[in-house]
Each structure stands twice: as C-alpha cells, then as structure tokens.
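This report concerns only the one structure given below.
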Amino acid sequence: MKKRTACIPFLLFIALTFFSCKEIFGKYDNPSDPSSDDYQGYESIAATGIRLDKTTADCYVRNTVQLTAAETPSEATDVPDWKSSDTSVAAVSQTGLVTGVKTGSCIVTAATGNYSASCSVTVKWLAVTGIALDKGILVLGKGNSRQLTASITPSEASDITVKWKSSNTSVASVDSSGKVTGEADGTADITATAYDNGANTCTKTCSVTVTEGIVTYYANRSDSTGTVPEDNTVYNAGDTVTVLGNTGNLTASGYKFKGWNTADDGSGTTYSAGDTFTMPSSAVDLFAVWIISTHTVTFDANGGSGTMESQTGDDGSTITLPLNQFTRENYTFLGWAAESSAASADYSDGAVYTIGSDDVTLYAVWGAAVSISISSGSSITFTDVQSVTKGQSLTISVQETYSSYQWYFDGDKLDGSTGQSYTLDTSTVSAGVHTLTVFAADSGGNLSSGTVSVSVIN
C-alpha cells in the first residue's frame with residue numbers, strides 16, 4: 001500500500017511534463033515567421049542538411065528563375081542565406097529568386113548553419129525577333145500629341161530598348177517614350193527601332209499627317225482608364241463631322257462618362273455620340289465630360305425626431321431603403337417622399353430606390369394618429385372632431401384586441417378594411433365633416449362599435 005502511494009507523485013510529474021511539452025510544441029509547431037509574437041518562447045530546431053530543387057539552371061538576361069531550398073529535418077527553423085558568386089552575372093534574393101544580369105555563369109548558394117547547397121546558373125541572351133506599333137497611321141492637329149506604343153517580340157527578350165526617330169521634325173516630333181507632337185501641317189514618318197544588345201535589329205514605321213482639319217478626343221482625366229476614340233479623317237472647312245462614341249471604354253472611378261465638350265471645363269458645346277457639327281477652318285478638340293456617379297440619399301425626420309444613416313450608391317444603381325427610425329408623437333409614419341410638404345408617400349419602408357444623377361433628401365411623411373378605446377359590447381360615438389387638411393392622412397386605431405374588425409366611411413362598408421387600424425387618405429375625400437365607424441367582434445360574436453367624426457379642411 002505504501003509503495004503504490006509513493007508512485008502517485010511520480011506519475012503526476014510524468015503527466016504534467018507530457019502535457020506541458022504538448023502545450024509548448026503543439027502551439028508552436030513548425031512556425032512560419034520566427035519574428036512573430038507566436039514564435040516567442042519557441043525552441044529552435046537546427047538544420048542537419050539542405051538541398052535545392054535544381055543543381056543547374058538556365059536563365060535569360062532580364063528574366064528570372066526561382067530556386068527552392070528544402071532543409072532537413074522539415075521542422076528546421078533556420079532561414080537559408082542566399083548568395084551569388086557573381087552578382088554582375090546573376091543576382092539572387094533571400095527568397096531564392098534569381099535574376100539574370102548579363103551573359104555568363106555563376107554559382108548560387110543557399111546556406112544554413114554548417115550546411116549549404118548550390119546551383120550552377122548559366123545566363124543566356126534572348127534575342128529580339130520583331131517589333132510592332134499600336135498604330136500604323138496617325139493624324140494630328142498642330143500642337144496636339146498622341147502616344148505610340150511599341151511591342152517587342154518576344155516579350156521576354158533580353159534587351160527591350162526602343163529608339164524613336166522622326167523623318168521630319170519640323171512637321172512631327174517624337175520623344176524617347178514614343179509621344180508624337182504635331183508641329184506644322186505636312187507628313188512625316190515616325191520610326192521605332194529595337195536595339196538588340198546595341199545592334200539595330202528591327203524597325204517599324206507610323207505614317208503621321210499633321211493638319212488643321214482634324215478632330216481630336218481627350219480623356220480629360222489623368223486617372224481615367226481605357227482609350228480615347230481616334231478620328232483619322234482629314235476634314236475640310238464646311239464638312240459634316242459625326243461625333244464618335246466612347247468606343248475605347250473610358251472609365252474613371254466615381255465618375256460617369258456623359259459625352260464630349262469643346263472645352264475641358266465643360267463650358268463649351270456638349271455632344272453625344274452620333275451628333276454632328278460643321279467643321280470650322282481650324283482643328284477641333286473634344287474633351288470627355290465626367291459627372292459624379294456616386295450620390296447620397298439623406299433622410300429627414302420632417303417634424304419628427306431621431307437619426308438615420310444616409311445611404312450611397314452609383315448613378316442608376318438601386319438600394320433598399322432602410323426601415324424608418326424616426327418618431328413623431330400622435331403621428332404615424334406613412335413612408336418617404338421627395339418633397340417635405342407631400343401628403344402621401346412615394347416610397348414605403350424597405351422599398352427599392354433607384355439612385356438618380358444627384359444627391360437627394362427623402363422626407364418622412366406623417367399622418368395624424370388617433371387611438372380609441374371601445375369596451376366590449378359598447379357602441380360609442382366620440383365627441384371630439386378630428387380635423388385634417390385635405391390631402392393629409394388620418395390613422396385611427398382601436399386599443400383593444402378583438403377577433404375581427406370592419407370599417408365604414410360615411411356609412412359605406414370599406415371592403416378589405418378589416419384591421420385593428422385604418423388610415424384615411426383625404427386626398428380623394430370632399431371637404432366637410434365625415435364619419436369613420438368600426439365594428440369589432442369578440443370570439444363569441446358579440447359586437448362593439450366606435451364612431452369618429454373627421455373634418456376635412458381645404
């Protein structure tokens with residue numbers, strides 16, 4: 001008995017040690033970031049070996065190849081250190097990404113502790129085989145500029161240097177990026193040359209005409225995407241010009257394209273696609289017109305109290321109107337309207353609303369509310385006359401709960417009006433005093449009634 005008791009502390013020690021180790025090494029099992037907070041307190045595991053996924057690799061100048069290191073054991077926490085034996089031939093990042101710098105050979109090594117693995121890298125030259133331009137013909141107005149873009153084949157070529165030249169700089173000039181500017185009426189050829197390793201290998205030419213009889217389109221926003229349409233027609237004074245559409249899908253975040261204008265600030269003449277105008281004796285510039293496309297819907301309590309968050313949406317999009325959060329004593333909420341003086345609602349709670357081209361305020365529409373008490377088995381005519389202005393509404397509610405209700409207006413049964421409350425829309429009611437009567441039946445079929453007089457005032 002004493003021997004068995006003596007074993008208990010030892011067994012508890014073994015169990016606590018096991019679960020403590022489980023807690024430590026389970027929580028920090030194979031951490032990915034030794035600098036993270038989760039890593040603190042983790043006992044590092046030294047690598048006992050390292051290997052690379054490649055022992056030889058080819059790479060072109062200006063291109064990359066990825067090397068991957070694997071440590072032994074796989075749980076090792078050491079981070080390999082990458083080096084190139086000749087960084088003028090190939091550089092390597094600390095993630096093993098090798099970039100070809102110039103032709104030649106070098107050794108890329110990944111080292112951890114006393115272990116290392118190497119890859120022999122040969123950097124080769126990938127020659128240019130062709131060049132293309134995005135435009136073969138370009139028509140410019142004097143003082144106007146257009147961008148030419150050259151494409152090298154293959155795109156991975158080791159040298160993608162392009163040089164630009166104009167055959168007649170007095171007519172059309174070109175800068176080092178391929179931007180062409182009209183200088184004077186006439187024609188010129190703009191040539192793009194691919195220089196492969198310093199040698200002239202491929203050329204491509206764009207024929208440029210500079211004239212006053214041209215229509216030029218501008219995006220008119222530096223942050224726009226897409227391209228402007230190009231009209232390469234040369235017009236004479238008096239010719240009819242048909243305005244082009246947004247064929248290059250110009251877009252700008254938060255804005256909507258609305259056509260073209262002869263002034264960049266929108267103060268000139270606005271044209272839509274398909275409109276026509278008579279060509280003057282000088283060049284015409286057309287600037288994209290942008291309008292704000294995101295608008296705000298604000299909610300006004302309109303005599304009530306409380307707050308509601310505004311809603312936003314893009315021009316033409318739809319939103320679901322939030323449920324009313326405003327209150328107004330002795331009034332019932334009927335919905336929302338665009339005018340503060342509206343007697344009836346244009347939109348109900350939770351209705352789908354289409355965002356227009358401007359910010360808008362929606363006003364709460366309130367109707368007068370009256371609560372009446374009808375005791376079981378009674379027939380009550382209320383002496384207080386409820387006065388409402390024609391066009392406004394009046395809601396009358398029965399305080400008690402009965403099995404069924406039926407409402408009457410001026411003695412006529414209101415079909416379908418069988419709720420505990422009824423809202424009278426006075427816009428279709430003649431001025432004067434009217435009566436609203438409700439008959440309420442309990443579960444035993446016993447009837448009670450209440451009659452309210454309503455004065456509708458013009």
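Each chain in the structure tokens gets a letter, A, B and so on, in the order shown; residues start at 1 in every chain, and ligands are counted from 1 in the order they appear.
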Query - Contacts of Tyr405 of chain A within 7 Å, only C-alpha atoms, excl. fewer than 3 positions in-chain, as a ChimeraX atom specification - result: /A:418-420,438-441
Query raised in the report: Could you name the residues that touch segment 246-258 of chain A at 8 Å or less, counting only C-alpha atoms, but leaving out those on the same chain fewer than 5 positions away, as number ranges by chain?
Result: A: 219, 221, 223-229, 272-273, 288-294, 314-315
Kindly save the residues from that selection, with C-alpha atoms included, as a PDB file, in the first residue's frame.
ATOM      1  CA  ALA A 219      -9.898  61.679 -71.815  1.00  0.00           C
ATOM      2  CA  ARG A 221      -8.906  62.996 -66.521  1.00  0.00           C
ATOM      3  CA  ASP A 223      -6.888  58.882 -63.552  1.00  0.00           C
ATOM      4  CA  SER A 224      -9.096  57.543 -66.342  1.00  0.00           C
ATOM      5  CA  THR A 225      -8.620  54.118 -67.880  1.00  0.00           C
ATOM      6  CA  GLY A 226      -9.408  52.993 -71.389  1.00  0.00           C
ATOM      7  CA  THR A 227      -8.576  54.837 -74.605  1.00  0.00           C
ATOM      8  CA  VAL A 228      -9.981  57.829 -76.456  1.00  0.00           C
ATOM      9  CA  PRO A 229     -11.507  57.290 -79.904  1.00  0.00           C
ATOM     10  CA  SER A 272     -23.200  62.924 -77.633  1.00  0.00           C
ATOM     11  CA  ALA A 273     -22.204  60.002 -79.840  1.00  0.00           C
ATOM     12  CA  ALA A 288     -14.651  63.881 -72.210  1.00  0.00           C
ATOM     13  CA  VAL A 289     -17.384  65.112 -69.852  1.00  0.00           C
ATOM     14  CA  TRP A 290     -17.465  63.416 -66.451  1.00  0.00           C
ATOM     15  CA  ILE A 291     -20.139  63.657 -63.786  1.00  0.00           C
ATOM     16  CA  ILE A 292     -20.011  62.315 -60.243  1.00  0.00           C
ATOM     17  CA  SER A 293     -21.630  58.880 -60.284  1.00  0.00           C
ATOM     18  CA  THR A 294     -21.825  58.219 -56.529  1.00  0.00           C
ATOM     19  CA  ASP A 314     -23.797  54.841 -58.014  1.00  0.00           C
ATOM     20  CA  ASP A 315     -25.846  56.656 -60.629  1.00  0.00           C
TER      21      ASP A 315
END
Query - Best match for closeness to Leu394 of chain A among A:Tyr331, A:Phe277, A:Tyr115, A:Tyr353, counting only C-alpha atoms - result: A:Tyr331
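Distances to Thr318 of chain A were evaluated for A:His295, A:Gln94, A:Asp300, A:Cys206 using only C-alpha atoms, and the minimum falls at A:His295.
Here atom CA of Ser378 of chain A is placed at a distance of 27.1 Å from atom CA of Val456 of chain A.
Residue nearest Gly411 of chain A, chosen from A:Ile380, A:Leu436, A:Ser449, A:Thr426 and counting only C-alpha atoms: A:Leu436.
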Query - Sel. of strand (DSSP E) residues, segment 52-291 of chain A, as number ranges by chain - result: A: 52, 56-60, 64-66, 69-72, 81-84, 90-92, 97-100, 104-112, 115-124, 130-133, 137-140, 145-147, 150-153, 162-166, 172-174, 179-182, 186-196, 199-210, 215-218, 240-242, 255-261, 270-271, 276-278, 284-291
Query raised in the report: Can you list, as a PyMOL selection string, every protein, DNA or RNA residue that comes within 6 Å of segment 369-371 of chain A when you count only C-alpha atoms, leaving out same-chain residues fewer than 4 positions away?
Result: chain A and resi 330-332+394-398
Next, the residues of the selection above should be written as a tab-separated table (two decimals), in the first residue's frame with C-alpha atoms.
chain	number	residue	atom	x	y	z
A	330	ASN	CA	-49.51	61.42	-32.18
A	331	TYR	CA	-48.48	60.67	-35.76
A	332	THR	CA	-47.93	57.51	-37.72
A	394	LEU	CA	-55.51	60.17	-40.56
A	395	THR	CA	-54.92	56.84	-38.88
A	396	ILE	CA	-57.44	55.60	-36.29
A	397	SER	CA	-56.55	52.59	-34.15
A	398	VAL	CA	-58.60	50.53	-31.72
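Of note, atom CA of Val98 of chain A and atom CA of Asp81 of chain A are spaced 13.4 Å apart.
Excluding Cys59 of chain A and any residue on its chain fewer than 5 positions from it, the residues at most 8 Å away by only C-alpha atoms are Thr64, Val65, Thr99, Gly100, Val121, Thr122, Val123 and Lys124 of chain A.
Closest approach to Ala57 of chain A among A:Ala364, A:Cys106, A:Ala70, A:Leu140: A:Cys106, based on only C-alpha atoms.
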Closest atom pairs, segment 67-139 of chain A residues within 10 Å of segment 160-169 of chain A, only C-alpha atoms, as a Markdown table:
| residue | atom | partner | partner_atom | distance |
| --- | --- | --- | --- | --- |
| A:Ala127 | CA | A:Ile160 | CA | 9.5 |
| A:Val128 | CA | A:Ile160 | CA | 7.7 |
| A:Ile131 | CA | A:Val162 | CA | 9.1 |
Query raised in the report: Distance atom CA of Val234 of chain A-atom CA of Ser177 of chain A, one decimal place?
Result: 26.1 Å
Query raised in the report: Quick one: residues within 7 Å of Trp125 of chain A, only C-alpha atoms counted, chain neighbours fewer than 4 positions away excluded, as a count of residues only?
Result: 4
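Minimum distance to Val429 of chain A across A:Val388, A:Val452, A:Cys202, A:Ala157 (counting only C-alpha atoms) occurs at A:Val388.
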Report summary line: Of A:Glu329, A:Asp275, A:Asp425, A:Glu183, the one sitting nearest Ala345 of chain A when using only C-alpha atoms is A:Asp425
